[in-house]
$ cat input11.cif   # mmCIF, C-alpha atoms and all ligand atoms
data_final
#
loop_
_atom_site.label_atom_id
_atom_site.label_comp_id
_atom_site.auth_asym_id
_atom_site.auth_seq_id
_atom_site.Cartn_x
_atom_site.Cartn_y
_atom_site.Cartn_z
CA MET G 29 -124.78 90.12 4.65
CA ARG G 30 -128.12 89.24 6.22
CA ARG G 31 -130.02 86.36 4.61
CA ILE G 32 -133.51 85.02 4.91
CA GLN G 33 -134.53 81.36 4.51
CA THR G 34 -138.00 81.16 3.06
CA ASP G 35 -139.75 79.99 -0.15
CA ILE G 36 -139.75 82.29 -3.16
CA GLU G 37 -141.12 81.94 -6.69
CA THR G 38 -140.01 84.45 -9.30
CA ALA G 39 -138.92 84.56 -12.94
CA ASN G 40 -136.18 87.07 -12.10
CA TRP G 41 -133.66 85.32 -9.84
CA MET G 42 -130.84 87.50 -8.46
CA LYS G 43 -132.62 90.76 -9.28
CA PRO G 44 -133.37 93.01 -6.29
CA HIS G 45 -137.11 92.73 -5.51
CA ARG G 46 -139.13 94.98 -3.24
CA VAL G 47 -141.22 93.03 -0.73
CA VAL G 48 -144.81 94.21 -0.76
CA GLN G 49 -148.10 93.42 0.95
CA ARG G 50 -150.67 92.01 -1.45
CA ASP G 51 -153.05 94.93 -0.79
CA ASP G 52 -150.35 97.53 -1.56
CA LEU G 53 -149.17 96.00 -4.83
CA ALA G 54 -151.36 98.11 -7.13
CA ASN G 55 -150.33 101.36 -5.43
CA GLU G 56 -146.62 100.55 -5.41
CA TRP G 57 -146.36 98.87 -8.82
CA SER G 58 -144.01 100.30 -11.41
CA PRO G 59 -142.95 98.48 -14.62
CA GLU G 60 -139.17 98.88 -14.02
CA LEU G 61 -139.13 97.32 -10.55
CA PHE G 62 -139.44 93.73 -9.33
CA TYR G 63 -141.78 92.72 -6.50
CA LEU G 64 -142.25 89.84 -4.11
CA VAL G 65 -145.74 89.67 -2.67
CA ILE G 66 -145.83 88.40 0.92
CA SER G 67 -147.87 85.20 0.73
CA ARG G 68 -149.50 83.62 3.74
CA ASN G 69 -151.50 80.89 2.02
CA GLY G 70 -152.39 79.26 -1.30
CA THR G 71 -154.85 82.05 -2.17
CA ASP G 72 -152.08 84.67 -2.04
CA ILE G 73 -149.85 82.47 -4.23
CA ASP G 74 -152.68 81.91 -6.76
CA PHE G 75 -153.27 85.69 -6.83
CA VAL G 76 -149.64 86.27 -7.87
CA ARG G 77 -149.63 83.40 -10.39
CA GLN G 78 -152.82 84.71 -12.05
CA ILE G 79 -151.32 88.17 -12.51
CA PHE G 80 -148.08 86.63 -13.81
CA LYS G 81 -150.03 84.55 -16.36
CA LYS G 82 -151.68 87.75 -17.60
CA GLY G 83 -148.21 89.00 -18.61
CA VAL G 84 -147.06 90.97 -15.55
CA ARG G 85 -143.63 89.36 -15.31
CA ASN G 86 -141.93 91.57 -12.77
CA LEU G 87 -143.39 89.91 -9.71
CA GLY G 88 -143.26 86.75 -7.68
CA TRP G 89 -144.23 85.67 -4.18
CA ILE G 90 -142.32 85.16 -0.95
CA ALA G 91 -143.58 82.99 1.89
CA ASP G 92 -144.24 85.02 5.02
CA HIS G 93 -141.46 84.84 7.60
CA PRO G 94 -141.06 86.44 11.05
CA ASN G 95 -138.04 88.43 9.81
CA LEU G 96 -139.76 89.72 6.69
CA VAL G 97 -141.17 93.25 6.47
CA ASP G 98 -142.73 95.02 3.50
CA GLY G 99 -140.26 97.49 2.00
CA ASP G 100 -137.39 95.01 2.42
CA ILE G 101 -135.34 94.48 -0.72
CA ILE G 102 -134.32 90.91 -1.40
CA ALA G 103 -132.26 89.32 -4.17
CA PRO G 104 -133.82 85.86 -4.59
CA THR G 105 -131.25 83.13 -5.07
CA LYS G 106 -131.31 79.37 -5.50
CA ALA G 107 -128.35 79.05 -3.11
CA LEU G 108 -129.01 77.02 0.02
CA SER G 109 -127.57 79.75 2.25
CA GLY G 110 -130.75 81.84 1.86
CA HIS G 111 -131.81 85.00 0.04
CA PRO G 112 -129.67 88.12 0.65
CA VAL G 113 -131.55 91.00 2.28
CA LEU G 114 -130.09 94.05 0.55
CA TYR G 115 -132.06 96.76 2.32
CA ARG G 116 -134.42 97.09 5.25
CA GLU G 117 -136.34 100.30 5.88
CA VAL G 118 -136.43 99.89 9.64
CA ASP G 119 -132.64 99.63 10.02
CA MET G 120 -130.77 102.48 11.67
CA HIS G 121 -127.80 102.17 9.27
CA HIS G 122 -127.98 101.60 5.51
CA GLY G 123 -125.09 100.78 3.23
CA PHE G 124 -124.04 99.09 0.02
CA GLN G 125 -120.80 97.47 -0.99
CA ILE G 126 -119.94 98.25 -4.57
CA THR G 127 -116.96 95.90 -4.95
CA ASN G 128 -115.10 93.30 -2.91
CA ARG G 129 -111.77 94.21 -4.51
CA CYS G 130 -109.27 96.51 -2.81
CA ASN G 131 -105.87 98.06 -3.45
CA SER G 132 -104.90 97.84 0.24
CA TRP G 133 -104.63 94.81 2.51
CA CYS G 134 -105.25 96.21 6.00
CA LEU G 135 -104.10 94.07 8.91
CA MET G 136 -107.49 94.37 10.64
CA CYS G 137 -109.73 94.35 7.54
CA SER G 138 -113.15 93.09 8.62
CA GLN G 139 -114.04 92.04 5.10
CA PRO G 140 -110.96 90.61 3.41
CA PRO G 141 -110.89 91.61 -0.27
CA THR G 142 -111.26 89.20 -3.16
CA LYS G 143 -109.80 89.41 -6.66
CA SER G 144 -112.73 88.13 -8.69
CA ASP G 145 -114.59 90.25 -11.23
CA ASP G 146 -117.57 91.66 -9.36
CA GLN G 147 -118.87 94.35 -11.70
CA TRP G 148 -122.33 92.87 -11.17
CA MET G 149 -122.31 94.46 -7.70
CA ILE G 150 -122.66 97.93 -9.23
CA GLU G 151 -125.72 96.84 -11.20
CA GLU G 152 -127.16 95.31 -8.07
CA VAL G 153 -126.70 98.52 -6.07
CA LEU G 154 -128.24 100.61 -8.86
CA ASP G 155 -131.25 98.26 -9.01
CA THR G 156 -131.55 98.25 -5.23
CA VAL G 157 -131.57 102.04 -5.02
CA LYS G 158 -134.30 102.12 -7.67
CA ALA G 159 -136.32 99.63 -5.65
CA ILE G 160 -136.13 101.51 -2.33
CA ARG G 161 -139.58 102.67 -1.24
CA LYS G 162 -138.56 105.14 1.42
CA MET G 163 -135.12 106.68 1.02
CA PRO G 164 -133.13 106.90 4.29
CA ASN G 165 -131.36 109.98 5.62
CA VAL G 166 -127.93 108.43 5.06
CA ILE G 167 -126.57 105.72 2.76
CA GLY G 168 -123.01 104.41 3.09
CA LEU G 169 -121.09 103.22 0.03
CA SER G 170 -118.10 101.01 0.65
CA GLY G 171 -116.04 98.14 -0.71
CA GLY G 172 -113.41 96.79 -0.92
CA GLU G 173 -112.29 100.06 -2.39
CA PRO G 174 -115.13 101.88 -4.17
CA LEU G 175 -112.75 104.08 -6.20
CA LEU G 176 -111.62 100.98 -8.10
CA GLU G 177 -114.96 101.52 -9.87
CA PRO G 178 -115.02 105.31 -10.25
CA ARG G 179 -117.65 105.36 -13.01
CA GLY G 180 -119.87 102.91 -11.15
CA LEU G 181 -119.47 104.91 -7.94
CA LYS G 182 -120.37 108.13 -9.73
CA GLU G 183 -123.40 106.49 -11.33
CA ILE G 184 -124.63 105.23 -7.96
CA VAL G 185 -124.13 108.67 -6.36
CA ASN G 186 -126.10 110.26 -9.22
CA GLN G 187 -128.85 107.67 -8.88
CA ILE G 188 -129.20 108.34 -5.14
CA ASN G 189 -129.17 112.13 -5.75
CA LEU G 190 -131.85 111.68 -8.40
CA LYS G 191 -134.04 109.58 -6.16
CA SER G 192 -133.74 111.83 -3.12
CA SER G 193 -132.10 115.19 -2.62
CA GLU G 194 -132.48 114.60 1.14
CA THR G 195 -130.31 111.49 1.34
CA HIS G 196 -126.73 112.04 2.37
CA ILE G 197 -124.08 109.66 0.98
CA GLU G 198 -121.02 108.55 2.93
CA VAL G 199 -118.28 107.03 0.78
CA LEU G 200 -115.82 104.89 2.73
CA THR G 201 -112.60 104.92 0.71
CA ASN G 202 -108.87 104.70 1.38
CA GLY G 203 -108.62 107.77 -0.86
CA ARG G 204 -105.48 106.52 -2.63
CA LEU G 205 -106.90 106.54 -6.13
CA LEU G 206 -108.02 110.17 -5.88
CA SER G 207 -104.33 110.98 -6.33
CA LYS G 208 -104.74 109.88 -9.99
CA PRO G 209 -105.87 112.80 -12.18
CA ASP G 210 -108.18 110.66 -14.38
CA ILE G 211 -110.06 109.37 -11.34
CA GLU G 212 -110.33 112.86 -9.86
CA GLU G 213 -111.73 113.97 -13.21
CA THR G 214 -114.30 111.11 -13.30
CA ILE G 215 -115.56 111.85 -9.81
CA PHE G 216 -115.48 115.65 -9.87
CA ASP G 217 -116.15 116.46 -13.54
CA ARG G 218 -119.42 117.94 -12.42
CA LYS G 219 -120.55 119.17 -9.04
CA ILE G 220 -121.14 116.27 -6.69
CA SER G 221 -123.87 116.74 -4.08
CA ASN G 222 -124.69 115.35 -0.69
CA VAL G 223 -121.51 113.31 -0.34
CA SER G 224 -119.00 113.08 2.46
CA TRP G 225 -115.83 111.02 2.37
CA LEU G 226 -114.71 108.68 5.14
CA VAL G 227 -110.99 108.12 4.77
CA PRO G 228 -108.81 106.00 7.09
CA LEU G 229 -105.46 107.33 8.24
CA TYR G 230 -103.32 105.15 10.50
CA GLY G 231 -100.08 107.00 10.95
CA HIS G 232 -98.37 110.34 11.15
CA ALA G 233 -95.54 108.85 9.09
CA ASP G 234 -95.51 106.71 5.96
CA PHE G 235 -93.98 103.58 7.51
CA LEU G 236 -96.79 103.24 10.06
CA HIS G 237 -99.72 103.86 7.71
CA ASP G 238 -98.16 101.70 4.96
CA TYR G 239 -97.55 98.90 7.46
CA ILE G 240 -101.16 98.90 8.71
CA VAL G 241 -102.61 98.91 5.18
CA GLN G 242 -99.81 96.59 3.94
CA SER G 243 -99.17 98.74 0.85
CA TYR G 244 -95.98 100.64 0.15
CA GLY G 245 -96.67 104.25 -0.91
CA ALA G 246 -100.23 104.26 0.45
CA PHE G 247 -99.60 107.09 2.95
CA GLU G 248 -98.43 109.46 0.23
CA GLU G 249 -101.35 108.56 -2.03
CA THR G 250 -103.89 108.97 0.76
CA ILE G 251 -102.52 112.39 1.71
CA LYS G 252 -102.67 113.44 -1.95
CA GLY G 253 -106.24 112.08 -2.12
CA LEU G 254 -107.21 114.14 0.94
CA LEU G 255 -105.80 117.26 -0.71
CA VAL G 256 -107.86 116.50 -3.82
CA LEU G 257 -110.97 116.28 -1.65
CA GLN G 258 -110.07 119.58 -0.02
CA LYS G 259 -109.54 121.20 -3.44
CA ASN G 260 -113.03 120.03 -4.45
CA CYS G 261 -114.56 121.39 -1.22
CA GLN G 262 -115.62 117.94 0.01
CA PRO G 263 -116.45 117.16 3.66
CA ILE G 264 -114.02 114.60 5.10
CA GLN G 265 -114.20 112.33 8.12
CA LEU G 266 -110.82 110.81 8.92
CA ARG G 267 -111.06 107.33 10.42
CA ILE G 268 -108.60 105.72 12.80
CA VAL G 269 -109.24 102.04 13.58
CA LEU G 270 -107.58 101.10 16.84
CA THR G 271 -104.86 98.46 16.75
CA LYS G 272 -101.84 98.32 19.04
CA PRO G 273 -99.33 100.11 16.75
CA VAL G 274 -101.91 102.82 16.05
CA LEU G 275 -102.73 103.33 19.73
CA GLU G 276 -99.02 103.60 20.52
CA ASN G 277 -98.90 106.54 18.08
CA LEU G 278 -102.43 107.90 18.42
CA VAL G 279 -101.55 111.21 20.06
CA PRO G 280 -98.80 112.10 17.52
CA LEU G 281 -101.21 111.06 14.74
CA CYS G 282 -103.88 113.45 16.07
CA HIS G 283 -101.23 116.16 16.38
CA PHE G 284 -100.24 115.52 12.73
CA ILE G 285 -103.88 115.78 11.65
CA GLY G 286 -104.42 119.01 13.56
CA LYS G 287 -101.26 120.54 12.11
CA ASN G 288 -101.43 119.31 8.50
CA LEU G 289 -105.03 118.41 7.74
CA PRO G 290 -107.03 121.07 9.61
CA PHE G 291 -109.62 121.11 6.81
CA VAL G 292 -111.12 117.75 7.80
CA ARG G 293 -114.60 117.98 9.29
CA GLU G 294 -114.10 115.38 12.02
CA VAL G 295 -111.97 112.47 13.17
CA ALA G 296 -113.51 109.12 14.08
CA ILE G 297 -111.63 106.87 16.50
CA ILE G 298 -112.98 103.37 15.95
CA GLY G 299 -112.83 100.09 17.88
CA CYS G 300 -111.52 97.15 15.86
CA GLU G 301 -114.07 94.62 14.60
CA PRO G 302 -113.12 91.09 15.79
CA ILE G 303 -113.54 89.38 12.42
CA GLY G 304 -111.71 88.90 9.12
CA PHE G 305 -107.98 89.66 9.10
CA ALA G 306 -108.21 90.95 12.69
CA LEU G 307 -108.63 87.33 13.81
CA ALA G 308 -105.44 86.39 11.97
CA ASN G 309 -103.58 89.37 13.48
CA ARG G 310 -104.91 89.03 16.98
CA ASP G 311 -101.59 89.97 18.56
CA ILE G 312 -102.01 93.58 17.42
CA CYS G 313 -105.83 93.79 17.11
CA GLU G 314 -107.09 92.30 20.37
CA LEU G 315 -107.08 95.08 22.95
CA ARG G 316 -108.62 95.94 26.25
CA ILE G 317 -109.85 99.44 25.50
CA GLU G 318 -109.87 100.43 29.18
CA ASP G 319 -106.07 99.95 29.22
CA TRP G 320 -105.83 102.70 26.59
CA SER G 321 -108.47 105.11 27.90
CA GLU G 322 -105.86 107.73 28.90
CA THR G 323 -104.37 107.59 25.39
CA ILE G 324 -107.80 108.02 23.78
CA LEU G 325 -108.56 110.91 26.13
CA SER G 326 -105.25 112.61 25.22
CA ALA G 327 -105.95 112.06 21.51
CA VAL G 328 -109.40 113.68 21.81
CA ASN G 329 -107.85 116.57 23.76
CA GLU G 330 -105.22 116.98 21.04
CA LEU G 331 -107.92 117.13 18.35
CA GLU G 332 -109.90 119.62 20.43
CA ARG G 333 -106.79 121.77 20.78
CA HIS G 334 -106.89 122.07 16.98
CA ASN G 335 -110.66 122.69 16.94
CA LEU G 336 -111.34 119.31 15.37
CA THR G 337 -114.42 117.29 16.28
CA SER G 338 -113.93 113.75 17.58
CA ILE G 339 -116.28 110.80 17.22
CA LEU G 340 -115.83 107.50 19.04
CA MET G 341 -117.27 104.47 17.28
CA ASN G 342 -117.67 100.79 18.15
CA ILE G 343 -116.53 101.40 21.73
CA PRO G 344 -118.87 100.50 24.63
CA LEU G 345 -119.47 103.36 27.05
CA CYS G 346 -118.43 101.34 30.09
CA LEU G 347 -114.87 101.13 28.70
CA LEU G 348 -114.53 104.88 28.35
CA PRO G 349 -113.97 107.65 30.90
CA ARG G 350 -117.19 109.64 31.41
CA ARG G 351 -115.62 112.72 29.88
CA LEU G 352 -115.57 110.84 26.53
CA TRP G 353 -119.18 109.61 26.54
CA GLN G 354 -120.32 112.74 24.73
CA TYR G 355 -118.27 111.65 21.68
CA ALA G 356 -119.46 108.02 21.58
CA HIS G 357 -121.88 106.93 18.86
CA ARG G 358 -124.15 103.93 18.43
CA SER G 359 -122.21 103.03 15.35
CA ILE G 360 -122.57 99.28 14.82
CA SER G 361 -125.01 98.34 12.04
CA ASP G 362 -128.22 96.79 13.36
CA TRP G 363 -127.66 93.38 11.82
CA LYS G 364 -124.24 92.93 13.41
CA ASN G 365 -124.92 94.55 16.79
CA SER G 366 -125.44 92.69 20.06
CA TYR G 367 -125.55 93.23 23.80
CA VAL G 368 -124.43 90.65 26.32
CA ASP G 369 -125.47 89.48 29.79
CA GLU G 370 -123.44 92.27 31.42
CA CYS G 371 -125.62 94.83 29.59
CA ARG G 372 -128.79 93.67 31.33
CA GLY G 373 -129.98 96.50 33.55
CA CYS G 374 -127.31 98.92 32.29
CA LEU G 375 -128.75 102.44 32.39
CA GLU G 376 -126.80 103.53 29.29
CA ARG G 377 -127.71 100.65 27.01
CA GLU G 378 -129.86 102.87 24.74
CA SER G 379 -126.96 105.17 24.01
CA CYS G 380 -124.20 102.53 23.92
CA SER G 381 -122.73 100.96 20.76
CA GLY G 382 -122.73 97.52 22.40
CA LEU G 383 -120.65 94.82 20.72
CA PHE G 384 -120.26 93.18 17.34
CA SER G 385 -122.37 90.02 17.24
CA TRP G 386 -119.30 87.96 16.34
CA HIS G 387 -117.35 88.92 19.48
CA GLU G 388 -117.80 85.30 20.64
CA LYS G 389 -115.56 84.03 17.83
CA GLY G 390 -113.13 86.88 18.49
CA TRP G 391 -113.04 88.86 21.71
CA LYS G 392 -114.81 91.43 23.81
CA PRO G 393 -113.18 94.87 23.69
CA GLY G 394 -112.62 94.91 27.46
CA LYS G 395 -114.23 94.11 30.81
CA LEU G 396 -117.83 95.26 30.54
CA ILE G 397 -119.38 96.68 33.68
CA PRO G 398 -123.05 97.75 33.57
CA ILE G 399 -123.56 101.43 34.31
CA MET G 400 -125.87 101.81 37.28
CA GLU G 401 -125.54 105.51 38.05
CA GLU G 402 -127.41 108.24 36.22
CA LYS G 403 -125.20 110.48 34.04
S1 LIG F 1 -122.66 97.17 30.00
FE1 LIG F 1 -123.24 96.85 27.87
S2 LIG F 1 -124.77 98.43 27.44
FE2 LIG F 1 -123.71 99.04 29.30
S3 LIG F 1 -122.09 100.37 28.65
FE3 LIG F 1 -121.19 98.32 28.79
S4 LIG F 1 -121.43 97.42 26.75
FE4 LIG F 1 -122.76 99.23 26.88
#
$ encode --input "input11.cif" --output "structure tokens" --more "lines below"
Ligand code: SF4
Amino acid sequence: MRRIQTDIETANWMKPHRVVQRDDLANEWSPELFYLVISRNGTDIDFVRQIFKKGVRNLGWIADHPNLVDGDIIAPTKALSGHPVLYREVDMHHGFQITNRCNSWCLMCSQPPTKSDDQWMIEEVLDTVKAIRKMPNVIGLSGGEPLLEPRGLKEIVNQINLKSSETHIEVLTNGRLLSKPDIEETIFDRKISNVSWLVPLYGHADFLHDYIVQSYGAFEETIKGLLVLQKNCQPIQLRIVLTKPVLENLVPLCHFIGKNLPFVREVAIIGCEPIGFALANRDICELRIEDWSETILSAVNELERHNLTSILMNIPLCLLPRRLWQYAHRSISDWKNSYVDECRGCLERESCSGLFSWHEKGWKPGKLIPIMEEK
């Protein structure tokens, strides 16, 4: 979560506020939203206080800051760690977490789940969506496991649909709970629009998938969940995060997908994020991708053989054979993306995913070599 350290005055702490330029306030104002007017001096602050005194209670001011842009959505807090930035128009990727809880315990989880009651997160996402000024093309919804809150998830999907019929929603879920008829009913009681489902699958056999997600029975539930999605005509992206046991079985896994799950729209092969549980399970998560490039190539070939589309995410181009560059995406969210000294002068930097900013506390995914030849 990105945070900003700057002064704020508001009567509505913790509520998502849209950041607005003083001159745009009248045009953008709506009684159900909360606003923070960017204030550069005492006159701007007095302007806000005067309006507030007249009974307009849904606004406050925020001191100007180099990282602040109008259209940002911020949840003001009194915590010393700074105010969470919930949304930023200029970002390339947009997403909301709807719970921190999860029913799996993946060995490489980048955001280890918590057990505490966090229903407030659903309210926060609903308020944030309302406050968005310009809806993006794509919004991701994730957790934890979002299907632990099926009603909340459905409400958020409806809210996004209502606000923009152009915005596509990507739900990142382990899919296990879709195997429960009541949850299927909650999600698909009425037609659901503009949603695709991103579902991880780590093995072609139960023992491997269940081991990676540390939950007995998860493979069977996930497969049932995928069949529920198929039955409801939903687009599916399968996701394979690369750890050592998964790479050792990647080609059979892709064969299994091609044979048994040919209805999926695409398969994403994803570099492991060096944070969270991955740091505790370094022995299986820390890899040099270039050592596995032949395996990844064979896996993509296997998917192609079954007419399935491959996507490569979180993997720098210089660690991949050229034949695979066409599948690589700039997939790392803006706020956690970085490039390193080796990237200086690299001709492919604009199309490369780069690294996670926290690679310094973890590891680099291999030996980076700047690309100096044109494609
Ligand atoms: S050197 Fe950096 S920018 Fe170039 S391909 Fe490698 S990671 Fe990407």
$ residues_around --input "input11.cif" --residues "Thr142 of chain G" --least-positions-apart "4" --cutoff "10 Å" --atoms "only C-alpha atoms" --output "ChimeraX atom specification"
/G:127-130,146,172
$ closest_residue --input "input11.cif" --among "G:Arg377, G:Lys182, G:Arg161, G:Lys208" --to "Ile397 of chain G" --atoms "only C-alpha atoms"
G:Arg377
$ closest_residue --input "input11.cif" --among "G:Glu401, G:Glu322, G:Glu248, G:Glu370" --to "ligand LIG 1 (chain F)" --atoms "all atoms listed in the file"
G:Glu370
$ residues_near_ligand --input "input11.cif" --ligand "ligand LIG 1 (chain F)" --cutoff "6 Å" --atoms "all atoms listed in the file" --output "MDAnalysis selection string"
chainID G and resid 344:346 367 370:371 374 376:377 380 382 396:399
$ residues_near_point --input "input11.cif" --point "(-144.9, 88.6, -3.3)" --cutoff "6 Å" --atoms "all atoms listed in the file" --output "PyMOL selection string"
chain G and resi 64-66+88-90
$ write_last_selection --input "input11.cif" --atoms "C-alpha atoms" --output "short mmCIF file (atom, residue, chain, number, x, y, z; two decimals), in the coordinates of the input"
data_model
loop_
_atom_site.label_atom_id
_atom_site.label_comp_id
_atom_site.auth_asym_id
_atom_site.auth_seq_id
_atom_site.Cartn_x
_atom_site.Cartn_y
_atom_site.Cartn_z
CA LEU G 64 -142.25 89.84 -4.11
CA VAL G 65 -145.74 89.67 -2.67
CA ILE G 66 -145.83 88.40 0.92
CA GLY G 88 -143.26 86.75 -7.68
CA TRP G 89 -144.23 85.67 -4.18
CA ILE G 90 -142.32 85.16 -0.95
#
$ residues_near_point --input "input11.cif" --point "(-107.4, 104.4, 12.8)" --cutoff "6 Å" --atoms "only C-alpha atoms" --output "number ranges by chain"
G: 229-230, 267-270
$ atom_distance --input "input11.cif" --atom1 "atom CA of Asp98 of chain G" --atom2 "atom CA of Val47 of chain G"
4.9 Å
$ residues_around --input "input11.cif" --residues "Ile220 of chain G" --least-positions-apart "5" --cutoff "9 Å" --atoms "only C-alpha atoms" --output "ChimeraX atom specification"
/G:182,185-186,215,262
$ closest_residue --input "input11.cif" --among "G:Asn55, G:Ser381, G:Asn40, G:Asn329" --to "Asn86 of chain G" --atoms "only C-alpha atoms"
G:Asn40
$ residues_around --input "input11.cif" --residues "Trp57 of chain G" --least-positions-apart "5" --cutoff "12 Å" --atoms "all atoms listed in the file" --output "PyMOL selection string"
chain G and resi 45-52+62-65+84-87+159+161
$ closest_atom_pairs --input "input11.cif" --of "segment 154-264 of chain G" --to "segment 303-309 of chain G" --cutoff "12 Å" --atoms "all atoms listed in the file" --output "CSV"
residue,atom,partner,partner_atom,distance
G:Ile240,CA,G:Asn309,CA,10.9
G:Val241,CA,G:Phe305,CA,11.4
G:Gln242,CA,G:Phe305,CA,11.9
$ atom_distance --input "input11.cif" --atom1 "atom CA of Asn69 of chain G" --atom2 "atom CA of Asp35 of chain G"
12.0 Å
$ atom_distance --input "input11.cif" --atom1 "atom CA of Gln33 of chain G" --atom2 "atom CA of Arg116 of chain G"
15.7 Å
